[in-house]
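Enquirer: Can you keep this structure in mind? I'll have questions shortly.
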Amino acid sequence: MISKTDQLLFVVDMAGTLVFGIEGATAAVAGNLDYFGVLVLGFATALGGGIVRDLLIGAIPPASIRDWRYPAMAFTGAGVVIIWHSFVALIPSTLIMVLDAAGLGLFAVAGAGKALAFGLEPLLCVLMGTITGVGGGTIRDIMLARVPNILRQDIYAVAALVGSAVMIAGMKMGKPRRLMAAAGGAVCFLLRVISVWQHWNLPRVGEH
Amino acid sequence: MISKTDQLLFVVDMAGTLVFGIEGATAAVAGNLDYFGVLVLGFATALGGGIVRDLLIGAIPPASIRDWRYPAMAFTGAGVVIIWHSFVALIPSTLIMVLDAAGLGLFAVAGAGKALAFGLEPLLCVLMGTITGVGGGTIRDIMLARVPNILRQDIYAVAALVGSAVMIAGMKMGKPRRLMAAAGGAVCFLLRVISVWQHWNLPRVGEH
Amino acid sequence: MISKTDQLLFVVDMAGTLVFGIEGATAAVAGNLDYFGVLVLGFATALGGGIVRDLLIGAIPPASIRDWRYPAMAFTGAGVVIIWHSFVALIPSTLIMVLDAAGLGLFAVAGAGKALAFGLEPLLCVLMGTITGVGGGTIRDIMLARVPNILRQDIYAVAALVGSAVMIAGMKMGKPRRLMAAAGGAVCFLLRVISVWQHWNLPRVGEH
């Protein structure tokens, strides 16, 4: 059973790793980093959230350090940006946003599910799902010496949090894992896409 | 014995968690973050130091990840700031400084004591106490893209360091744990409060 | 065998720790930090890379937390800067660069070798060697609220990466550990020194 769970997690993780690797590398190019910086930000954005989650839940060494296919996939994403940057720059930002929302949903439910498999309490599984989804982007922003974007604007982390909560709540109510992973991922994806489309933002303290 | 030690650590940790959560959330509001950012900075400021300590000493998953009451308490502190921010803004800064000094002392001795219980050497127990006290604030400042305040001014980390050292030295000389925790916490608290009152600062290299 | 390996790693690590501690402390002085900040940056620069590596490969508590001689050596480096700062400021920058390149090579092969001893795959051993070499400087730059220098310019991380790769490739081909450590360290050292001398830089995306 563990191995089947791991297999599902693996496929889910690899799909998101490529998208997040491309995004991190793109941010590195915009930040005027050199080739090495592009590879590092691709790696950190794609795998940073999962690594932090694994350190926290005690899955050590983290999956991305045990298995060369994770860093290889993240570096592939960065390599795509290095080699075809003129082409990557032409991709419509809406398409990138939609792919990113899909990656966010995949990472969130993968992270929440892994935390549950490691015996964490529900509230903390939801936190771990959120960290898996947004941790990489947070590390990327800190490395670029910026206040992480997720702390300032957009329904992004909240989408990961809600998707994780849907999955964990469903599994606690006895629903099958795969069904709830699909439902949680879909909720996260839709919440993110609709919030961008509708220009939703979280309020700030002191605003009405 | 472990369970009694853990119980003492738990009460001590929860008391400081609320104060530090409120402070982290207040910094987030001042930094113009949104509601999610306020929750994250409350969490990171309150629990970041203890999480880093636990990762380093091998208490994995960290206490704040194993037990939902820690994040719940940190989020409560952040929630207080979100809901009653106009009231929180009226609290005199001297009172906040005094409560913070108390939290610092509690965290430092809790951290140093936990490191000792995990078999670390004395010098490293003192370091772990200091990290427990100041780690959360350091992460908060890094997330706000600022040079951590403790590296630039004030007798703050030094108070945590001295309080931790008092506790560890006393326990190594065979004094009871609770007595030395109280003594170390009091020394840290007083050193911090007096240093603010007397405008003490650490020198910089090259200054006379 | 483990203990002999550990002994070799220890000597290698201590030699680099002093150099990196001095460099981190010097950056802290330039950043106008106080005495505590100088000690923290000395510690973080000297030991940060190894601590991150140890957390990732599962050597917990990290070597620098288990053994007081590591932090003592890092603080010694910082203390040298605090006490003899006028003298340290007179050291020619070329000498510092050469010592740093030596430290980089030592850290890289020590890190790659430790990862291999912990059973990591070759690609990840190379990554761990690189992280050991450049992790401390990256943490130092983040604490100074700067984009890490290694992401922007110079053949620095790449030298650590190539040196680690030489060592791991040689060991995988059955060559003796010490020989390959010497070869990998020398390659890293020479690549770094020559790149500074010849003003080599990595290209940026979009440059010709």
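A note on labels: chains of the structure tokens are A, B, ... as shown, every chain counts residues from 1, and ligands are counted from 1 in their shown order.
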What's around Gly103 in chain B at 10 Å? Count only C-alpha atoms, leave out sequence neighbours fewer than 2 positions away in its own chain, and write the answer as a VMD selection string.

Expert: chain B and resid 12 to 20 46 97 to 101 105 to 108 133 185 188 to 189

Enquirer: Would you mind listing, as a PyMOL selection string, all residues of chain C that have at least one atom within 7 Å of chain B, where only C-alpha atoms are what counts?

Expert: chain C and resi 29+33-37+60-62+65-66+68+82+143-145

Enquirer: Could you write out the selected residues, including N, CA, C and O atoms, as a compact mmCIF listing (two decimals), in the first residue's frame?

Expert:
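Generated file (result16.txt):
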# COMPACT_ATOMS: atom_id res chain seq x y z
N VAL C 29 30.87 42.95 9.38
CA VAL C 29 31.43 44.25 9.72
C VAL C 29 31.12 45.26 8.61
O VAL C 29 30.67 46.38 8.87
N LEU C 33 26.87 45.44 11.16
CA LEU C 33 26.21 44.69 12.23
C LEU C 33 26.98 44.88 13.54
O LEU C 33 28.13 45.30 13.55
N ASP C 34 26.33 44.54 14.66
CA ASP C 34 27.01 44.64 15.94
C ASP C 34 27.77 43.34 16.25
O ASP C 34 27.81 42.43 15.43
N TYR C 35 28.43 43.28 17.42
CA TYR C 35 29.25 42.11 17.76
C TYR C 35 28.48 40.80 17.62
O TYR C 35 29.00 39.80 17.14
N PHE C 36 27.23 40.80 18.10
CA PHE C 36 26.44 39.57 18.00
C PHE C 36 26.21 39.19 16.54
O PHE C 36 26.33 38.02 16.16
N GLY C 37 25.91 40.20 15.72
CA GLY C 37 25.72 39.94 14.30
C GLY C 37 26.98 39.39 13.63
O GLY C 37 26.90 38.53 12.75
N ILE C 60 21.42 13.76 11.42
CA ILE C 60 20.80 14.66 12.40
C ILE C 60 21.03 14.12 13.81
O ILE C 60 20.78 12.93 14.04
N PRO C 61 21.46 14.93 14.80
CA PRO C 61 21.85 16.32 14.65
C PRO C 61 23.06 16.48 13.73
O PRO C 61 23.91 15.59 13.70
N PRO C 62 23.11 17.61 13.00
CA PRO C 62 24.25 17.88 12.13
C PRO C 62 25.56 17.85 12.91
O PRO C 62 25.59 18.13 14.11
N ILE C 65 26.43 20.60 15.20
CA ILE C 65 25.59 20.75 16.39
C ILE C 65 25.95 19.66 17.42
O ILE C 65 25.75 19.81 18.61
N ARG C 66 26.50 18.57 16.93
CA ARG C 66 26.88 17.48 17.83
C ARG C 66 28.21 17.75 18.50
O ARG C 66 28.48 17.24 19.57
N TRP C 68 31.09 20.51 19.73
CA TRP C 68 31.29 21.93 20.06
C TRP C 68 32.48 22.54 19.32
O TRP C 68 32.61 23.77 19.24
N ILE C 82 36.76 40.56 15.06
CA ILE C 82 36.36 41.58 16.04
C ILE C 82 37.60 42.20 16.69
O ILE C 82 37.70 43.43 16.83
N MET C 143 20.75 36.82 4.94
CA MET C 143 20.66 37.53 6.23
C MET C 143 21.01 39.01 6.08
O MET C 143 20.59 39.83 6.88
N LEU C 144 21.80 39.33 5.07
CA LEU C 144 22.12 40.73 4.80
C LEU C 144 21.12 41.33 3.82
O LEU C 144 21.32 42.44 3.31
N ALA C 145 20.01 40.58 3.57
CA ALA C 145 18.92 41.06 2.70
C ALA C 145 19.42 41.37 1.29
O ALA C 145 19.01 42.36 0.67

Enquirer: Kindly give the distance, in Å, that separates CA of Ile83 in chain B and CA of Ala27 in chain B, rounded to a single decimal.

Expert: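 So the answer is 15.1 Å.
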
Enquirer: Would you compute the distance between CA of Gly31 in chain B and CA of Leu90 in chain B? Give it in Å to one decimal.

Expert: 17.7 Å

Enquirer: Determine, counting only C-alpha atoms, which protein, DNA and RNA residues have an atom within 7 Å of an atom of Thr45 in chain A; residues of the same chain fewer than 5 positions away are not included. Present the result as number ranges by chain.

Expert: A: 20-21, 24, 136-137, 139-140

Enquirer: Using the selection just defined, write its residues with all heavy atoms as an mmCIF file, in the first residue's frame.

Expert:
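Printed below is out12.cif as written:
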data_model
loop_
_atom_site.group_PDB
_atom_site.id
_atom_site.type_symbol
_atom_site.label_atom_id
_atom_site.label_comp_id
_atom_site.auth_asym_id
_atom_site.auth_seq_id
_atom_site.Cartn_x
_atom_site.Cartn_y
_atom_site.Cartn_z
ATOM 1 N N PHE A 20 6.695 24.173 -12.111
ATOM 2 C CA PHE A 20 7.276 25.086 -11.122
ATOM 3 C C PHE A 20 8.751 25.380 -11.439
ATOM 4 O O PHE A 20 9.220 26.494 -11.198
ATOM 5 C CB PHE A 20 7.140 24.497 -9.712
ATOM 6 C CG PHE A 20 5.793 24.752 -9.079
ATOM 7 C CD1 PHE A 20 4.612 24.624 -9.785
ATOM 8 C CD2 PHE A 20 5.696 25.125 -7.748
ATOM 9 C CE1 PHE A 20 3.372 24.860 -9.196
ATOM 10 C CE2 PHE A 20 4.471 25.368 -7.140
ATOM 11 C CZ PHE A 20 3.309 25.233 -7.869
ATOM 12 N N GLY A 21 9.445 24.385 -11.985
ATOM 13 C CA GLY A 21 10.830 24.621 -12.376
ATOM 14 C C GLY A 21 10.935 25.683 -13.461
ATOM 15 O O GLY A 21 11.800 26.562 -13.418
ATOM 16 N N GLY A 24 10.171 29.115 -11.804
ATOM 17 C CA GLY A 24 11.280 29.623 -10.992
ATOM 18 C C GLY A 24 12.411 30.128 -11.867
ATOM 19 O O GLY A 24 12.992 31.190 -11.607
ATOM 20 N N GLY A 136 8.010 26.617 -2.241
ATOM 21 C CA GLY A 136 9.022 26.860 -3.266
ATOM 22 C C GLY A 136 9.025 28.301 -3.744
ATOM 23 O O GLY A 136 10.078 28.934 -3.853
ATOM 24 N N GLY A 137 7.834 28.847 -3.991
ATOM 25 C CA GLY A 137 7.741 30.232 -4.438
ATOM 26 C C GLY A 137 8.203 31.206 -3.358
ATOM 27 O O GLY A 137 8.770 32.263 -3.660
ATOM 28 N N ILE A 139 10.572 30.568 -1.063
ATOM 29 C CA ILE A 139 12.036 30.513 -1.048
ATOM 30 C C ILE A 139 12.595 31.290 -2.247
ATOM 31 O O ILE A 139 13.575 32.024 -2.124
ATOM 32 C CB ILE A 139 12.510 29.046 -1.058
ATOM 33 C CG1 ILE A 139 12.073 28.343 0.231
ATOM 34 C CG2 ILE A 139 14.019 28.963 -1.250
ATOM 35 C CD1 ILE A 139 12.340 26.850 0.257
ATOM 36 N N ARG A 140 11.949 31.118 -3.408
ATOM 37 C CA ARG A 140 12.379 31.872 -4.609
ATOM 38 C C ARG A 140 12.360 33.373 -4.342
ATOM 39 O O ARG A 140 13.335 34.074 -4.627
ATOM 40 C CB ARG A 140 11.422 31.544 -5.770
ATOM 41 C CG ARG A 140 11.682 32.330 -7.037
ATOM 42 C CD ARG A 140 10.441 32.309 -7.933
ATOM 43 N NE ARG A 140 9.329 32.964 -7.252
ATOM 44 C CZ ARG A 140 8.039 32.681 -7.449
ATOM 45 N NH1 ARG A 140 7.677 31.768 -8.307
ATOM 46 N NH2 ARG A 140 7.093 33.335 -6.772
#
